[in-house]
Amino acid sequence: MFHFELTRGTDIDPGLLEECAALFSDHYGIWGAKGPTPGGRVTMGVKTLKKYCLEDVHRCAVVTCRRGDVLVGHAFATCWNFEAAKSVCWVTQLVVHTEFRRQRVASFMLNMLKHDAFPDVVAFGLASSHPAACMTLATLSGIHLSRAHRDELDIGYIKRNASAIFSSSPVTYVKNATLHIEGDSCRAFTKFFVDHGEPNAVLSSLGAVQWPLGALPDGWEWVAVVPK
């Protein structure tokens, strides 16, 4: 049985950060050809985790998932205003243990961020090189990226809001990313050169379905923003 827990940024203790850093390092992915250690695991220590996911603890939260004493997933998010009276919940890191994927762990964690951590936001978004993360986030808003219904993803909504969301972000890597939103292409250059082998395998599994967010060059991540 899985146990999910929401922790506000100000209440996250060093022990939990160490667990989350270890989970990321062991289960997130491997570096691509342009990464610092091609073929090696993408690792992250506590200091780096805090830098990317907890820059302003008062705006942050994390949802964790455990099975017994084992941490099997976590989802960090930060909330901020991108327009007057309009706020966004931005998922800064989403990781699920490889042995527990496809069991709706990510869906439950994102749902808690959306409804329990930041219930008053109007938008929900993330940047990721993994199509499964984008699909999970979109599905929570009733959108099915993996099906042959391209019109269900409102590219116009992303175009109208992404620039303001990125430029107003208190999360440095989001604020400094280069946006490319043109036609059906929605991505950001975050200089995160993770290997795309696993994401490409997921796309291949979709068969003849056309992926709605466009191609993904090395160092880029897809941008998914949906109304809450």
# chains A, B, ... in the order shown; residues from 1 in each chain; ligands from 1
call {"tool": "residues_around", "arguments": {"residues": "Trp90 in chain A", "least_positions_apart": "2", "cutoff": "9 Å", "atoms": "only C-alpha atoms", "output": "ChimeraX atom specification"}}
result
/A:76-80,88,92,123-127,225
call {"tool": "select_by_dssp", "arguments": {"residues": "range 8-225 of chain A", "states": "strand (DSSP E or B)", "output": "ChimeraX atom specification"}}
result
/A:8,30-31,41,60-67,70-83,86-96,123-128,178-182,185-192,194,219-225
call {"tool": "residues_around", "arguments": {"residues": "range 185-195 of chain A", "least_positions_apart": "5", "cutoff": "9 Å", "atoms": "only C-alpha atoms", "output": "PyMOL selection string"}}
result
chain A and resi 29-36+38-39+42+127-129+155+158-159+173-174+176-180+212-224
call {"tool": "select_by_dssp", "arguments": {"residues": "range 68-215 of chain A", "states": "alpha helix (DSSP H)", "output": "CSV table (one decimal) with C-alpha atoms, in the first residue's frame"}}
result
chain,number,residue,atom,x,y,z
A,105,VAL,CA,2.1,7.2,-8.2
A,106,ALA,CA,2.9,10.3,-10.2
A,107,SER,CA,-0.8,11.0,-10.8
A,108,PHE,CA,-1.6,10.9,-7.1
A,109,MET,CA,1.4,13.1,-6.2
A,110,LEU,CA,0.5,15.8,-8.8
A,111,ASN,CA,-3.1,15.7,-7.8
A,112,MET,CA,-2.2,16.5,-4.2
A,131,PRO,CA,6.5,12.4,-22.3
A,132,ALA,CA,5.1,10.4,-19.3
A,133,ALA,CA,5.4,13.4,-17.1
A,134,CYS,CA,3.7,15.7,-19.6
A,135,MET,CA,0.9,13.2,-20.1
A,136,THR,CA,0.3,12.7,-16.4
A,137,LEU,CA,0.0,16.5,-15.8
A,138,ALA,CA,-2.3,17.0,-18.8
A,139,THR,CA,-4.5,14.1,-17.8
A,155,ILE,CA,-1.3,25.1,-27.6
A,156,GLY,CA,-2.8,28.6,-27.6
A,157,TYR,CA,-3.1,28.5,-23.8
A,158,ILE,CA,0.6,27.7,-23.6
A,159,LYS,CA,1.5,30.4,-26.0
A,160,ARG,CA,-0.6,33.0,-24.1
A,161,ASN,CA,0.8,32.2,-20.7
A,162,ALA,CA,4.3,30.5,-20.9
A,163,SER,CA,6.3,33.7,-21.5
A,164,ALA,CA,4.8,35.5,-18.4
A,165,ILE,CA,5.1,32.3,-16.3
A,166,PHE,CA,8.8,31.9,-17.2
A,167,SER,CA,9.8,35.6,-16.9
A,172,THR,CA,16.2,30.4,-11.6
A,173,TYR,CA,16.5,27.6,-14.1
A,174,VAL,CA,12.9,28.3,-15.3
A,175,LYS,CA,13.5,32.1,-15.5
A,197,GLY,CA,16.5,7.0,-25.0
A,198,GLU,CA,13.8,6.2,-22.5
A,199,PRO,CA,11.5,9.2,-23.5
A,200,ASN,CA,11.9,8.2,-27.2
A,201,ALA,CA,10.9,4.6,-26.3
A,202,VAL,CA,7.7,6.0,-24.7
A,203,LEU,CA,7.0,8.0,-27.8
A,204,SER,CA,7.5,4.9,-30.0
A,205,SER,CA,5.1,3.0,-27.9
call {"tool": "atom_distance", "arguments": {"atom1": "CA of Gly73 in chain A", "atom2": "CA of Phe4 in chain A"}}
result
9.1 Å
call {"tool": "residues_around", "arguments": {"residues": "Glu19 in chain A", "least_positions_apart": "3", "cutoff": "12 Å", "atoms": "only C-alpha atoms", "output": "list in words"}}
result
Ile12, Asp13, Pro14, Gly15, Leu16, Ala22, Leu23, Phe24, Ser25, Asp26, Met44, Gly45, Val46, Leu49, Thr64, Cys65, Arg66, Asp69, Val70, Leu71, Val72, Gly73, His74 and Val95 of chain A
call {"tool": "write_last_selection", "arguments": {"atoms": "N, CA, C and O atoms", "output": "compact mmCIF listing (two decimals), in the first residue's frame"}}
result
# COMPACT_ATOMS: atom_id res chain seq x y z
N ILE A 12 10.26 21.02 5.43
CA ILE A 12 11.08 19.95 4.87
C ILE A 12 12.39 19.85 5.65
O ILE A 12 13.15 20.81 5.72
N ASP A 13 12.67 18.70 6.23
CA ASP A 13 13.86 18.55 7.05
C ASP A 13 15.02 17.96 6.23
O ASP A 13 14.81 17.41 5.14
N PRO A 14 16.24 18.08 6.73
CA PRO A 14 17.42 17.58 5.99
C PRO A 14 17.34 16.10 5.65
O PRO A 14 17.80 15.68 4.58
N GLY A 15 16.75 15.30 6.53
CA GLY A 15 16.64 13.87 6.26
C GLY A 15 15.81 13.58 5.04
O GLY A 15 16.16 12.72 4.22
N LEU A 16 14.69 14.31 4.88
CA LEU A 16 13.83 14.11 3.72
C LEU A 16 14.55 14.54 2.44
O LEU A 16 14.46 13.88 1.41
N ALA A 22 18.73 11.08 -3.05
CA ALA A 22 19.14 9.70 -3.36
C ALA A 22 18.19 9.07 -4.37
O ALA A 22 18.62 8.38 -5.30
N LEU A 23 16.88 9.31 -4.21
CA LEU A 23 15.90 8.75 -5.15
C LEU A 23 16.14 9.30 -6.55
O LEU A 23 16.14 8.54 -7.54
N PHE A 24 16.35 10.60 -6.65
CA PHE A 24 16.62 11.21 -7.95
C PHE A 24 17.88 10.61 -8.57
O PHE A 24 17.89 10.23 -9.74
N SER A 25 18.94 10.52 -7.80
CA SER A 25 20.23 10.04 -8.32
C SER A 25 20.16 8.60 -8.78
O SER A 25 20.85 8.21 -9.73
N ASP A 26 19.33 7.80 -8.14
CA ASP A 26 19.25 6.38 -8.46
C ASP A 26 18.23 6.05 -9.55
O ASP A 26 18.33 5.00 -10.19
N MET A 44 22.24 14.10 -8.07
CA MET A 44 21.95 15.40 -7.45
C MET A 44 22.12 15.28 -5.95
O MET A 44 21.53 14.40 -5.31
N GLY A 45 22.91 16.17 -5.37
CA GLY A 45 23.07 16.22 -3.93
C GLY A 45 22.04 17.14 -3.30
O GLY A 45 21.27 17.81 -3.99
N VAL A 46 22.04 17.20 -1.99
CA VAL A 46 21.07 18.01 -1.26
C VAL A 46 21.21 19.48 -1.61
O VAL A 46 20.21 20.18 -1.82
N LEU A 49 19.67 20.06 -5.00
CA LEU A 49 18.22 19.89 -4.91
C LEU A 49 17.56 21.14 -4.33
O LEU A 49 16.54 21.62 -4.85
N THR A 64 5.38 13.36 -1.17
CA THR A 64 6.17 12.13 -1.20
C THR A 64 5.26 10.92 -1.19
O THR A 64 4.13 10.97 -0.70
N CYS A 65 5.78 9.84 -1.74
CA CYS A 65 5.06 8.57 -1.73
C CYS A 65 5.98 7.50 -1.16
O CYS A 65 7.13 7.37 -1.59
N ARG A 66 5.48 6.76 -0.20
CA ARG A 66 6.25 5.68 0.42
C ARG A 66 5.48 4.37 0.34
O ARG A 66 4.25 4.34 0.34
N ASP A 69 8.79 1.68 4.48
CA ASP A 69 9.81 2.67 4.79
C ASP A 69 10.55 3.18 3.56
O ASP A 69 11.47 3.98 3.67
N VAL A 70 10.13 2.71 2.39
CA VAL A 70 10.85 3.05 1.16
C VAL A 70 10.22 4.24 0.46
O VAL A 70 9.01 4.23 0.18
N LEU A 71 11.01 5.26 0.17
CA LEU A 71 10.54 6.39 -0.61
C LEU A 71 10.51 5.97 -2.08
O LEU A 71 11.54 5.63 -2.66
N VAL A 72 9.32 5.96 -2.68
CA VAL A 72 9.20 5.50 -4.06
C VAL A 72 8.87 6.63 -5.03
O VAL A 72 8.86 6.42 -6.25
N GLY A 73 8.63 7.82 -4.52
CA GLY A 73 8.36 8.94 -5.42
C GLY A 73 8.32 10.26 -4.69
O GLY A 73 8.04 10.31 -3.49
N HIS A 74 8.63 11.33 -5.41
CA HIS A 74 8.44 12.67 -4.87
C HIS A 74 8.15 13.65 -5.99
O HIS A 74 8.55 13.45 -7.14
N VAL A 95 9.87 12.50 -9.70
CA VAL A 95 10.64 11.26 -9.80
C VAL A 95 9.84 10.11 -9.20
O VAL A 95 9.24 10.26 -8.13
call {"tool": "closest_residue", "arguments": {"among": "A:Ile181, A:Ala117, A:Ala21, A:Ala84", "to": "Thr48 in chain A", "atoms": "only C-alpha atoms"}}
result
A:Ala21
call {"tool": "atom_distance", "arguments": {"atom1": "CA of Ala85 in chain A", "atom2": "CA of Asp120 in chain A"}}
result
9.9 Å
call {"tool": "residues_around", "arguments": {"residues": "Thr7 in chain A", "least_positions_apart": "6", "cutoff": "7 Å", "atoms": "only C-alpha atoms", "output": "PyMOL selection string"}}
result
chain A and resi 61-63
call {"tool": "atom_distance", "arguments": {"atom1": "CA of Gly183 in chain A", "atom2": "CA of Trp211 in chain A"}}
result
13.0 Å
